[in-house]
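Report on the structure given below.
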Amino acid sequence: MPPGAPPAFFIITIVFMTVVLPIVIVMHYVTKWKATKGLSGDEQRLLEDLWKDSQAMQSRLNALETILDSEVPDWKKKL
């Protein structure tokens with residue numbers, strides 16, 4: 001090895017830190033992102049329950065509006 005040349009270990013370490021390590025880090029987080037991409041089972045059930053509840057509320061609201069339309073025809077103008 002010529003005088004003043006960096007040791008091989010130093011060069012290998014620099015190459016590893018600038019090329020291999022960033023690729024490993026990116027691939028790690030891409031894998032984690034893909035694993036958590038969808039909803040979990042509990043989240044899916046909660047979403048379905050919320051959807052059913054919102055549909056029930058919409059049905060009740062429509063029934064109330066129908067009752068108000070028949071009993072107080074101009075109720076919407078008063079709002």
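Residues in the structure tokens are named by chain (A, B, ... in the order shown) and by number from 1 within that chain; ligands are numbered from 1 in the order shown.
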Practice problem: Could you give me, as JSON, numbers by chain, each residue of chain A that DSSP assigns to helix (DSSP H, G or I) when run on this structure's backbone? | Solution: {"A": [8, 9, 10, 11, 12, 13, 14, 15, 16, 17, 18, 19, 20, 21, 22, 23, 24, 25, 26, 27, 28, 29, 30, 31, 32, 33, 34, 35, 41, 42, 43, 44, 45, 46, 47, 48, 49, 50, 51, 52, 53, 54, 55, 56, 57, 58, 59, 60, 61, 62, 63, 64, 65, 66, 67, 68, 69, 70, 71, 75, 76, 77, 78]}
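Atom CA of A:Leu46 lies 22.3 Å from atom CA of A:Leu61.
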Quiz item: In Å, with one decimal, what is the gap from atom CA of A:Val72 to atom CA of A:Ala56?
Solution: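 Between atom CA of A:Val72 and atom CA of A:Ala56 the gap is 23.7 Å.
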